[in-house]
$ cat input_29.cif   # mmCIF, C-alpha atoms
data_final
loop_
_atom_site.group_PDB
_atom_site.id
_atom_site.type_symbol
_atom_site.label_atom_id
_atom_site.label_comp_id
_atom_site.auth_asym_id
_atom_site.auth_seq_id
_atom_site.Cartn_x
_atom_site.Cartn_y
_atom_site.Cartn_z
ATOM 1 C CA MET A 1 95.173 -14.141 -42.876
ATOM 2 C CA ARG A 2 93.497 -11.387 -44.821
ATOM 3 C CA THR A 3 92.114 -8.454 -42.868
ATOM 4 C CA SER A 4 88.662 -8.848 -44.432
ATOM 5 C CA TYR A 5 88.459 -12.455 -43.169
ATOM 6 C CA ARG A 6 89.494 -11.322 -39.692
ATOM 7 C CA LEU A 7 86.812 -8.650 -39.756
ATOM 8 C CA VAL A 8 84.110 -11.121 -40.829
ATOM 9 C CA LEU A 9 85.197 -13.577 -38.125
ATOM 10 C CA ILE A 10 85.206 -10.879 -35.442
ATOM 11 C CA ILE A 11 81.758 -9.565 -36.459
ATOM 12 C CA GLY A 12 80.408 -13.112 -36.710
ATOM 13 C CA SER A 13 81.722 -14.019 -33.277
ATOM 14 C CA LEU A 14 80.232 -10.841 -31.776
ATOM 15 C CA VAL A 15 76.827 -11.699 -33.241
ATOM 16 C CA MET A 16 77.136 -15.186 -31.747
ATOM 17 C CA LEU A 17 77.989 -13.607 -28.387
ATOM 18 C CA VAL A 18 74.901 -11.383 -28.540
ATOM 19 C CA LEU A 19 72.716 -14.391 -29.383
ATOM 20 C CA ALA A 20 74.281 -16.406 -26.571
ATOM 21 C CA MET A 21 73.607 -13.569 -24.108
ATOM 22 C CA PHE A 22 70.027 -13.313 -25.380
ATOM 23 C CA PHE A 23 69.380 -16.992 -24.741
ATOM 24 C CA LEU A 24 71.120 -16.787 -21.371
ATOM 25 C CA GLY A 25 68.834 -13.880 -20.523
ATOM 26 C CA LEU A 26 65.767 -15.923 -21.553
ATOM 27 C CA LEU A 27 67.025 -18.789 -19.414
ATOM 28 C CA MET A 28 67.225 -16.469 -16.440
ATOM 29 C CA GLY A 29 63.761 -15.158 -17.148
ATOM 30 C CA ARG A 30 64.925 -11.755 -18.355
ATOM 31 C CA ASP A 31 64.754 -9.990 -21.681
ATOM 32 C CA PRO A 32 66.391 -6.601 -21.170
ATOM 33 C CA ALA A 33 66.557 -5.740 -24.879
ATOM 34 C CA GLY A 34 62.928 -6.692 -25.457
ATOM 35 C CA LEU A 35 63.923 -9.091 -28.213
ATOM 36 C CA THR A 36 61.115 -11.566 -27.594
ATOM 37 C CA GLU A 37 58.704 -8.731 -28.240
ATOM 38 C CA VAL A 38 60.352 -8.182 -31.614
ATOM 39 C CA ILE A 39 59.988 -11.862 -32.479
ATOM 40 C CA THR A 40 56.446 -12.341 -31.231
ATOM 41 C CA GLY A 41 55.260 -8.818 -32.070
ATOM 42 C CA GLY A 42 52.854 -8.006 -34.872
ATOM 43 C CA GLU A 43 53.277 -6.011 -38.081
ATOM 44 C CA GLU A 44 54.633 -2.945 -36.253
ATOM 45 C CA MET A 45 57.756 -4.998 -35.515
ATOM 46 C CA ASN A 46 58.307 -5.879 -39.185
ATOM 47 C CA ILE A 47 61.057 -3.312 -39.666
ATOM 48 C CA TYR A 48 63.117 -4.885 -36.857
ATOM 49 C CA LYS A 49 62.485 -8.333 -38.288
ATOM 50 C CA LEU A 50 63.655 -7.128 -41.700
ATOM 51 C CA ILE A 51 66.841 -5.593 -40.237
ATOM 52 C CA GLY A 52 67.540 -8.794 -38.292
ATOM 53 C CA PHE A 53 66.981 -10.899 -41.412
ATOM 54 C CA ALA A 54 69.267 -8.663 -43.511
ATOM 55 C CA ILE A 55 72.108 -8.719 -40.978
ATOM 56 C CA PHE A 56 72.024 -12.472 -40.415
ATOM 57 C CA PHE A 57 71.563 -13.314 -44.079
ATOM 58 C CA LEU A 58 74.473 -11.058 -45.087
ATOM 59 C CA LEU A 59 76.661 -12.602 -42.436
ATOM 60 C CA PHE A 60 75.653 -16.076 -43.610
ATOM 61 C CA LEU A 61 76.481 -15.180 -47.238
ATOM 62 C CA ILE A 62 79.919 -13.790 -46.378
ATOM 63 C CA LEU A 63 80.881 -16.708 -44.159
ATOM 64 C CA PHE A 64 79.524 -19.240 -46.653
ATOM 65 C CA MET A 65 81.390 -17.675 -49.587
ATOM 66 C CA THR A 66 84.572 -17.436 -47.499
ATOM 67 C CA GLY A 67 84.271 -21.118 -46.695
ATOM 68 C CA LEU A 68 83.610 -22.101 -50.295
ATOM 69 C CA SER A 69 86.152 -19.944 -52.060
ATOM 70 C CA GLY A 70 89.325 -21.195 -50.344
ATOM 71 C CA GLU A 71 92.761 -19.893 -51.164
ATOM 72 C CA LYS A 72 93.966 -20.314 -54.705
ATOM 73 C CA SER A 73 96.997 -22.538 -54.787
ATOM 74 C CA PRO A 74 99.955 -20.209 -55.217
ATOM 75 C CA ARG A 75 102.322 -20.604 -58.151
ATOM 76 C CA ILE A 76 105.613 -21.854 -56.856
ATOM 77 C CA ILE A 77 109.156 -22.561 -57.955
ATOM 78 C CA ILE A 78 110.613 -25.752 -56.503
ATOM 79 C CA HIS A 79 114.274 -26.324 -55.623
ATOM 80 C CA GLU A 80 115.307 -29.789 -54.476
ATOM 81 C CA THR A 81 117.955 -29.954 -51.774
ATOM 82 C CA GLU A 82 119.461 -32.793 -49.760
ATOM 83 C CA MET A 83 117.211 -32.073 -46.811
ATOM 84 C CA GLY A 84 113.953 -31.480 -48.629
ATOM 85 C CA GLN A 85 112.448 -28.906 -50.903
ATOM 86 C CA VAL A 86 112.710 -25.154 -51.109
ATOM 87 C CA ARG A 87 109.487 -23.782 -52.557
ATOM 88 C CA ILE A 88 109.536 -20.143 -53.557
ATOM 89 C CA ALA A 89 106.273 -18.344 -54.219
ATOM 90 C CA VAL A 90 106.295 -16.700 -57.642
ATOM 91 C CA THR A 91 104.863 -13.553 -56.063
ATOM 92 C CA ALA A 92 108.023 -13.291 -53.955
ATOM 93 C CA VAL A 93 110.189 -13.494 -57.086
ATOM 94 C CA GLU A 94 107.984 -10.918 -58.788
ATOM 95 C CA SER A 95 108.349 -8.472 -55.927
ATOM 96 C CA LEU A 96 112.132 -8.949 -55.934
ATOM 97 C CA ALA A 97 112.289 -8.367 -59.680
ATOM 98 C CA LEU A 98 110.111 -5.304 -59.333
ATOM 99 C CA ARG A 99 112.404 -3.892 -56.687
ATOM 100 C CA ALA A 100 115.464 -4.489 -58.893
ATOM 101 C CA ILE A 101 113.846 -2.803 -61.898
ATOM 102 C CA ASP A 102 112.428 0.100 -59.921
ATOM 103 C CA LYS A 103 115.910 1.201 -58.922
ATOM 104 C CA ILE A 104 117.077 1.638 -62.515
ATOM 105 C CA ARG A 105 117.263 5.240 -63.644
ATOM 106 C CA GLY A 106 114.702 5.955 -66.334
ATOM 107 C CA VAL A 107 112.060 3.568 -64.976
ATOM 108 C CA LYS A 108 109.062 5.325 -63.521
ATOM 109 C CA GLU A 109 106.673 2.417 -63.080
ATOM 110 C CA ALA A 110 106.964 -1.280 -63.789
ATOM 111 C CA THR A 111 104.918 -4.465 -63.736
ATOM 112 C CA VAL A 112 106.431 -7.924 -63.791
ATOM 113 C CA ALA A 113 105.082 -11.363 -64.642
ATOM 114 C CA VAL A 114 107.112 -14.508 -64.074
ATOM 115 C CA GLU A 115 106.746 -17.934 -65.597
ATOM 116 C CA ALA A 116 108.727 -20.830 -64.177
ATOM 117 C CA GLU A 117 110.040 -23.450 -66.573
ATOM 118 C CA ASN A 118 112.369 -26.392 -66.109
ATOM 119 C CA GLU A 119 115.391 -24.533 -67.468
ATOM 120 C CA GLY A 120 114.774 -21.332 -65.527
ATOM 121 C CA LEU A 121 112.552 -18.300 -65.290
ATOM 122 C CA ARG A 122 110.920 -16.297 -68.024
ATOM 123 C CA PHE A 123 110.053 -12.659 -67.288
ATOM 124 C CA GLU A 124 107.667 -10.276 -68.947
ATOM 125 C CA VAL A 125 108.265 -6.716 -67.875
ATOM 126 C CA GLU A 126 106.215 -3.654 -68.720
ATOM 127 C CA ILE A 127 107.595 -0.247 -67.882
ATOM 128 C CA VAL A 128 106.616 3.392 -67.985
ATOM 129 C CA SER A 129 109.784 5.288 -68.742
ATOM 130 C CA ASN A 130 111.124 8.718 -68.000
ATOM 131 C CA PRO A 131 113.107 10.070 -70.938
ATOM 132 C CA ASP A 132 116.793 10.088 -70.200
ATOM 133 C CA PRO A 133 118.978 12.292 -72.435
ATOM 134 C CA GLU A 134 121.984 10.068 -71.817
ATOM 135 C CA ARG A 135 120.367 6.783 -72.834
ATOM 136 C CA ASN A 136 117.896 5.733 -75.467
ATOM 137 C CA LEU A 137 115.164 3.164 -74.899
ATOM 138 C CA PRO A 138 117.037 0.140 -76.337
ATOM 139 C CA GLN A 139 119.878 0.897 -73.946
ATOM 140 C CA LEU A 140 117.434 1.172 -71.062
ATOM 141 C CA THR A 141 115.657 -2.104 -71.876
ATOM 142 C CA SER A 142 118.988 -3.834 -72.337
ATOM 143 C CA GLU A 143 120.108 -2.616 -68.905
ATOM 144 C CA ILE A 144 116.847 -3.827 -67.353
ATOM 145 C CA ARG A 145 117.252 -7.286 -68.881
ATOM 146 C CA SER A 146 120.836 -7.602 -67.816
ATOM 147 C CA LYS A 147 120.285 -6.321 -64.259
ATOM 148 C CA LEU A 148 117.190 -8.481 -63.836
ATOM 149 C CA ALA A 149 119.002 -11.630 -64.960
ATOM 150 C CA ASP A 150 121.997 -10.961 -62.705
ATOM 151 C CA TYR A 151 119.927 -9.985 -59.684
ATOM 152 C CA ILE A 152 117.490 -12.903 -59.882
ATOM 153 C CA HIS A 153 120.254 -15.440 -60.462
ATOM 154 C CA GLU A 154 122.180 -14.015 -57.522
ATOM 155 C CA THR A 155 119.236 -13.743 -55.126
ATOM 156 C CA VAL A 156 116.973 -16.636 -56.069
ATOM 157 C CA GLY A 157 119.643 -18.949 -57.466
ATOM 158 C CA ILE A 158 117.686 -19.720 -60.648
ATOM 159 C CA PRO A 159 118.825 -18.610 -64.113
ATOM 160 C CA VAL A 160 116.692 -16.257 -66.181
ATOM 161 C CA ILE A 161 116.278 -17.881 -69.588
ATOM 162 C CA ASP A 162 114.405 -15.033 -71.212
ATOM 163 C CA SER A 163 113.027 -11.619 -70.420
ATOM 164 C CA THR A 164 110.844 -9.389 -72.512
ATOM 165 C CA VAL A 165 110.724 -5.700 -71.723
ATOM 166 C CA THR A 166 107.918 -3.599 -73.133
ATOM 167 C CA VAL A 167 107.896 0.160 -72.809
ATOM 168 C CA THR A 168 104.212 0.964 -72.544
ATOM 169 C CA LYS A 169 104.525 4.696 -72.083
ATOM 170 C CA VAL A 170 107.063 7.480 -71.925
ATOM 171 C CA THR A 171 106.234 10.246 -69.532
ATOM 172 C CA THR A 172 107.916 13.411 -68.424
ATOM 173 C CA GLU A 173 106.305 13.299 -65.005
ATOM 174 C CA SER A 174 108.971 12.729 -62.406
ATOM 175 C CA ARG A 175 108.720 9.873 -59.964
ATOM 176 C CA ALA A 176 107.227 10.735 -56.576
ATOM 177 C CA ARG A 177 110.014 10.944 -54.033
ATOM 178 C CA VAL A 178 107.788 9.928 -51.155
ATOM 179 C CA GLU A 179 105.009 7.376 -50.892
ATOM 180 C CA MET B 1 100.220 -27.655 -37.354
ATOM 181 C CA ALA B 2 100.532 -29.710 -34.343
ATOM 182 C CA GLN B 3 96.811 -30.389 -33.581
ATOM 183 C CA GLY B 4 97.848 -30.952 -29.952
ATOM 184 C CA LEU B 5 98.561 -34.630 -30.524
ATOM 185 C CA VAL B 6 101.197 -36.356 -28.494
ATOM 186 C CA GLN B 7 103.370 -39.078 -29.867
ATOM 187 C CA PRO B 8 105.258 -41.626 -27.801
ATOM 188 C CA GLN B 9 108.943 -40.960 -28.305
ATOM 189 C CA TRP B 10 111.038 -43.262 -26.199
ATOM 190 C CA SER B 11 110.665 -45.413 -23.155
ATOM 191 C CA GLU B 12 112.772 -44.699 -20.137
ATOM 192 C CA LYS B 13 113.318 -47.013 -17.248
ATOM 193 C CA ASN B 14 110.787 -45.147 -15.142
ATOM 194 C CA GLY B 15 108.138 -44.557 -17.776
ATOM 195 C CA THR B 16 107.538 -43.091 -21.200
ATOM 196 C CA VAL B 17 108.581 -39.671 -22.412
ATOM 197 C CA ARG B 18 106.180 -38.070 -24.862
ATOM 198 C CA ILE B 19 106.709 -34.916 -26.857
ATOM 199 C CA ALA B 20 103.741 -32.980 -28.188
ATOM 200 C CA ASN B 21 103.769 -32.108 -31.879
ATOM 201 C CA GLU B 22 103.386 -28.483 -30.916
ATOM 202 C CA VAL B 23 106.661 -28.617 -29.013
ATOM 203 C CA VAL B 24 108.441 -29.834 -32.147
ATOM 204 C CA GLY B 25 106.682 -27.043 -34.062
ATOM 205 C CA ILE B 26 107.845 -24.401 -31.610
ATOM 206 C CA ILE B 27 111.425 -25.674 -31.724
ATOM 207 C CA ALA B 28 111.320 -25.571 -35.533
ATOM 208 C CA GLY B 29 109.753 -22.104 -35.613
ATOM 209 C CA LEU B 30 112.308 -20.630 -33.221
ATOM 210 C CA ALA B 31 115.204 -22.287 -35.038
ATOM 211 C CA ALA B 32 113.971 -20.916 -38.359
ATOM 212 C CA THR B 33 113.444 -17.348 -37.170
ATOM 213 C CA GLU B 34 116.920 -17.097 -35.669
ATOM 214 C CA VAL B 35 118.468 -17.563 -39.117
ATOM 215 C CA ARG B 36 119.837 -14.341 -40.547
ATOM 216 C CA GLY B 37 117.715 -13.206 -43.492
ATOM 217 C CA VAL B 38 114.420 -14.554 -42.148
ATOM 218 C CA ALA B 39 111.948 -11.724 -41.556
ATOM 219 C CA GLY B 40 109.310 -13.958 -39.967
ATOM 220 C CA MET B 41 106.969 -16.868 -40.360
ATOM 221 C CA SER B 42 103.918 -16.781 -42.587
ATOM 222 C CA GLY B 43 100.855 -18.379 -41.020
ATOM 223 C CA GLY B 44 97.683 -19.632 -42.657
ATOM 224 C CA VAL B 45 94.030 -19.191 -41.647
ATOM 225 C CA VAL B 46 94.320 -21.519 -38.634
ATOM 226 C CA ASP B 47 97.365 -19.685 -37.344
ATOM 227 C CA GLY B 48 95.539 -16.387 -37.845
ATOM 228 C CA ILE B 49 92.589 -17.555 -35.748
ATOM 229 C CA SER B 50 94.842 -18.901 -33.017
ATOM 230 C CA GLU B 51 96.709 -15.574 -33.005
ATOM 231 C CA LEU B 52 93.380 -13.851 -32.475
ATOM 232 C CA LEU B 53 92.789 -16.014 -29.436
ATOM 233 C CA LYS B 54 96.195 -16.054 -27.840
ATOM 234 C CA LYS B 55 99.004 -13.574 -27.545
ATOM 235 C CA LYS B 56 101.793 -15.107 -29.563
ATOM 236 C CA ASN B 57 101.882 -18.209 -31.689
ATOM 237 C CA LEU B 58 105.428 -19.542 -31.602
ATOM 238 C CA SER B 59 104.654 -22.326 -34.035
ATOM 239 C CA LYS B 60 103.121 -19.972 -36.620
ATOM 240 C CA GLY B 61 103.943 -21.044 -40.160
ATOM 241 C CA VAL B 62 105.151 -24.477 -39.102
ATOM 242 C CA ARG B 63 103.613 -27.827 -40.032
ATOM 243 C CA VAL B 64 105.117 -30.899 -38.471
ATOM 244 C CA GLU B 65 104.579 -34.587 -38.951
ATOM 245 C CA VAL B 66 105.946 -36.580 -36.069
ATOM 246 C CA GLY B 67 106.301 -40.335 -36.011
ATOM 247 C CA GLU B 68 107.782 -42.504 -33.309
ATOM 248 C CA LYS B 69 111.359 -41.893 -34.369
ATOM 249 C CA GLU B 70 111.229 -39.469 -37.273
ATOM 250 C CA ALA B 71 109.863 -36.036 -38.047
ATOM 251 C CA ALA B 72 109.193 -34.036 -41.199
ATOM 252 C CA VAL B 73 108.772 -30.284 -41.127
ATOM 253 C CA ASP B 74 107.279 -27.688 -43.464
ATOM 254 C CA LEU B 75 108.167 -24.069 -42.771
ATOM 255 C CA TYR B 76 106.407 -21.079 -44.325
ATOM 256 C CA VAL B 77 108.764 -18.120 -44.156
ATOM 257 C CA VAL B 78 109.068 -14.528 -45.276
ATOM 258 C CA ILE B 79 112.613 -13.478 -46.017
ATOM 259 C CA GLU B 80 114.272 -10.102 -45.722
ATOM 260 C CA TYR B 81 114.984 -8.116 -48.832
ATOM 261 C CA GLY B 82 118.634 -8.480 -49.789
ATOM 262 C CA ALA B 83 119.071 -12.003 -48.456
ATOM 263 C CA ARG B 84 120.130 -14.737 -50.891
ATOM 264 C CA ILE B 85 117.235 -17.211 -50.923
ATOM 265 C CA PRO B 86 119.165 -20.483 -51.525
ATOM 266 C CA ASP B 87 121.633 -19.685 -48.729
ATOM 267 C CA VAL B 88 118.911 -18.698 -46.278
ATOM 268 C CA ALA B 89 116.823 -21.772 -47.138
ATOM 269 C CA ILE B 90 119.734 -24.177 -46.645
ATOM 270 C CA GLU B 91 120.666 -22.518 -43.376
ATOM 271 C CA ILE B 92 117.053 -22.812 -42.191
ATOM 272 C CA GLN B 93 117.024 -26.510 -43.081
ATOM 273 C CA GLU B 94 120.293 -27.164 -41.245
ATOM 274 C CA ASN B 95 119.357 -25.108 -38.192
ATOM 275 C CA VAL B 96 115.907 -26.656 -37.841
ATOM 276 C CA LYS B 97 117.250 -30.181 -38.296
ATOM 277 C CA ARG B 98 120.006 -29.560 -35.743
ATOM 278 C CA ALA B 99 117.608 -28.036 -33.211
ATOM 279 C CA ILE B 100 114.953 -30.761 -33.440
ATOM 280 C CA GLU B 101 117.430 -33.611 -33.438
ATOM 281 C CA GLY B 102 119.414 -32.079 -30.599
ATOM 282 C CA MET B 103 116.424 -31.304 -28.387
ATOM 283 C CA THR B 104 114.126 -34.237 -29.043
ATOM 284 C CA GLY B 105 116.268 -37.070 -30.342
ATOM 285 C CA LEU B 106 113.941 -37.471 -33.333
ATOM 286 C CA LYS B 107 115.517 -38.004 -36.741
ATOM 287 C CA VAL B 108 114.470 -35.231 -39.088
ATOM 288 C CA VAL B 109 113.939 -36.746 -42.518
ATOM 289 C CA GLU B 110 112.680 -33.704 -44.376
ATOM 290 C CA VAL B 111 112.636 -29.940 -43.902
ATOM 291 C CA ASN B 112 110.696 -28.199 -46.649
ATOM 292 C CA VAL B 113 111.075 -24.445 -46.778
ATOM 293 C CA HIS B 114 108.305 -22.432 -48.422
ATOM 294 C CA ILE B 115 109.338 -18.873 -49.244
ATOM 295 C CA GLN B 116 106.023 -17.039 -49.095
ATOM 296 C CA GLY B 117 107.205 -13.491 -49.542
ATOM 297 C CA VAL B 118 109.878 -10.856 -49.217
ATOM 298 C CA GLN B 119 109.834 -8.121 -46.610
ATOM 299 C CA PHE B 120 111.115 -4.769 -47.724
ATOM 300 C CA GLN B 121 112.284 -2.440 -45.026
ATOM 301 C CA GLN B 122 111.030 1.122 -45.241
ATOM 302 C CA GLU B 123 113.696 3.109 -46.961
ATOM 303 C CA GLU B 124 114.159 6.559 -45.562
ATOM 304 C CA PRO B 125 114.733 9.292 -48.128
ATOM 305 C CA PRO B 126 118.292 10.557 -47.963
ATOM 306 C CA LEU B 127 118.651 13.692 -45.942
ATOM 307 C CA GLU B 128 119.656 16.628 -48.033
ATOM 308 C CA GLU B 129 122.197 18.752 -46.295
ATOM 309 C CA GLU B 130 121.286 22.371 -46.411
ATOM 310 C CA GLU B 131 124.018 24.560 -47.689
ATOM 311 C CA SER B 132 125.239 26.969 -45.143
ATOM 312 C CA ARG B 133 124.450 30.504 -46.102
ATOM 313 C CA VAL B 134 127.405 31.946 -44.214
ATOM 314 C CA THR B 135 130.964 30.784 -43.972
#

$ encode --input "input_29.cif" --output "structure tokens"
Amino acid sequence: MRTSYRLVLIIGSLVMLVLAMFFLGLLMGRDPAGLTEVITGGEEMNIYKLIGFAIFFLLFLILFMTGLSGEKSPRIIIHETEMGQVRIAVTAVESLALRAIDKIRGVKEATVAVEAENEGLRFEVEIVSNPDPERNLPQLTSEIRSKLADYIHETVGIPVIDSTVTVTKVTTESRARVE
Amino acid sequence: MAQGLVQPQWSEKNGTVRIANEVVGIIAGLAATEVRGVAGMSGGVVDGISELLKKKNLSKGVRVEVGEKEAAVDLYVVIEYGARIPDVAIEIQENVKRAIEGMTGLKVVEVNVHIQGVQFQQEEPPLEEEESRVT
């Protein structure tokens, strides 16, 4: 569950609690916060009414949009086994591929996109490279393709049918050693 | 998952034994998480809300369908970085099937494993040994 949803739910539930306490207070003949005065009061209470309206309307909008939007169905890769299916989220494969590429010397940054087809996986990789005096770019891209294919086949169990590596930038800035 | 429904399982001489769907879910969840290479279960919105309300949700990331004699399970898991997905998935399927069948007597017809993500452990930077200035 996303943190923003949790936050909205917690705030929403707290507002409900405050309202419940307010009505309980009215039931017991008490109004410690003077809320009835705000509701029944004249124009001098308009600012409080406006704040109340803004808070509740905003909360309504967020909850309503959260309810409507729903989660997008994730892209998945399906393996059939004797006992059922193994469904692997494409994002999981992407993060694995990214990890494999990131470890290659000469790669500073990388982005990966995966497309699942019947025969296997198709990768599109974009990298920012650090110049390496010992290897030229074709050697680097060739190493990326080969390591990616081996690693994904070994870890995910699905062959890589094609991978395209694009070097978007060459930079001399060294990779940060700490996050 | 479970929705708190109870399904009649088998009739004993002295009455009927019923197993709640949630029990099957918990068995499946525990069996899945004990497999090497599984980092944890991945819950949806409902599991998130129930985790807000109670301390620990043992059936998080588990959906079960229980009939009178059969059960089908869907497991939403996050695996550890470095684990081989097909091996882990098959081991999860076997372990969950064995656990449910062994503990409840239900026949497990399907165990679907959904790999939702990969957990990377924090890598510590290698310690650089300082060269001694004196011998």

$ resolve_selection --input "input_29.cif" --expression "the PyMOL selection byres ((chain B) within 7 of (chain A))" --output "ChimeraX atom specification"
/B:44-45,48,83-86,89,93,110-118

$ write_last_selection --input "input_29.cif" --atoms "C-alpha atoms" --output "PDB file, keeping the file's coordinate frame"
ATOM      1  CA  GLY B  44      97.683 -19.632 -42.657  1.00  0.00           C
ATOM      2  CA  VAL B  45      94.030 -19.191 -41.647  1.00  0.00           C
ATOM      3  CA  GLY B  48      95.539 -16.387 -37.845  1.00  0.00           C
ATOM      4  CA  ALA B  83     119.071 -12.003 -48.456  1.00  0.00           C
ATOM      5  CA  ARG B  84     120.130 -14.737 -50.891  1.00  0.00           C
ATOM      6  CA  ILE B  85     117.235 -17.211 -50.923  1.00  0.00           C
ATOM      7  CA  PRO B  86     119.165 -20.483 -51.525  1.00  0.00           C
ATOM      8  CA  ALA B  89     116.823 -21.772 -47.138  1.00  0.00           C
ATOM      9  CA  GLN B  93     117.024 -26.510 -43.081  1.00  0.00           C
ATOM     10  CA  GLU B 110     112.680 -33.704 -44.376  1.00  0.00           C
ATOM     11  CA  VAL B 111     112.636 -29.940 -43.902  1.00  0.00           C
ATOM     12  CA  ASN B 112     110.696 -28.199 -46.649  1.00  0.00           C
ATOM     13  CA  VAL B 113     111.075 -24.445 -46.778  1.00  0.00           C
ATOM     14  CA  HIS B 114     108.305 -22.432 -48.422  1.00  0.00           C
ATOM     15  CA  ILE B 115     109.338 -18.873 -49.244  1.00  0.00           C
ATOM     16  CA  GLN B 116     106.023 -17.039 -49.095  1.00  0.00           C
ATOM     17  CA  GLY B 117     107.205 -13.491 -49.542  1.00  0.00           C
ATOM     18  CA  VAL B 118     109.878 -10.856 -49.217  1.00  0.00           C
TER      19      VAL B 118
END

$ residues_around --input "input_29.cif" --residues "Gly106 (chain A)" --least-positions-apart "4" --cutoff "9 Å" --atoms "all atoms listed in the file" --output "JSON list (two decimals) with C-alpha atoms, in the frame of the given file"
[["chain", "number", "residue", "atom", "x", "y", "z"],
["A", 102, "ASP", "CA", 112.43, 0.10, -59.92],
["A", 128, "VAL", "CA", 106.62, 3.39, -67.98],
["A", 129, "SER", "CA", 109.78, 5.29, -68.74],
["A", 130, "ASN", "CA", 111.12, 8.72, -68.00],
["A", 131, "PRO", "CA", 113.11, 10.07, -70.94],
["A", 132, "ASP", "CA", 116.79, 10.09, -70.20],
["A", 135, "ARG", "CA", 120.37, 6.78, -72.83],
["A", 140, "LEU", "CA", 117.43, 1.17, -71.06]]

$ residues_around --input "input_29.cif" --residues "region 38-42 of chain B" --least-positions-apart "6" --cutoff "6 Å" --atoms "all atoms listed in the file" --output "JSON, numbers by chain"
{"B": [61, 76, 77, 78, 79, 80]}

$ write_last_selection --input "input_29.cif" --atoms "C-alpha atoms" --output "JSON list (two decimals), keeping the file's coordinate frame"
[["chain", "number", "residue", "atom", "x", "y", "z"],
["B", 61, "GLY", "CA", 103.94, -21.04, -40.16],
["B", 76, "TYR", "CA", 106.41, -21.08, -44.32],
["B", 77, "VAL", "CA", 108.76, -18.12, -44.16],
["B", 78, "VAL", "CA", 109.07, -14.53, -45.28],
["B", 79, "ILE", "CA", 112.61, -13.48, -46.02],
["B", 80, "GLU", "CA", 114.27, -10.10, -45.72]]

$ atom_distance --input "input_29.cif" --atom1 "CA of Val107 (chain A)" --atom2 "CA of Thr171 (chain A)"
10.0 Å

$ atom_distance --input "input_29.cif" --atom1 "CA of Ala28 (chain B)" --atom2 "CA of Arg98 (chain B)"
9.6 Å

$ atom_distance --input "input_29.cif" --atom1 "CA of Phe120 (chain B)" --atom2 "CA of Gly37 (chain B)"
11.5 Å

$ residues_near_point --input "input_29.cif" --point "(107.8, -33.4, -40.9)" --cutoff "10 Å" --atoms "all atoms listed in the file" --output "list in words"
Asn21, Val24, Gly25, Val62, Arg63, Val64, Glu65, Val66, Gly67, Glu70, Ala71, Ala72, Val73, Asp74, Leu75, Lys107, Val108, Val109, Glu110, Val111 and Asn112 of chain B

$ axis_aligned_box --input "input_29.cif" --around "region 130-147 of chain A" --padding-each-side "3 Å" --output "AutoDock Vina command-line options"
--center_x 116.6 --center_y 2.3 --center_z -70.3 --size_x 16.9 --size_y 25.9 --size_z 18.1

$ resolve_selection --input "input_29.cif" --expression "the PyMOL selection byres ((chain A and resi 46-55) around 12)" --output "MDAnalysis selection string"
chainID A and resid 11:12 15 19 34:45 56:62
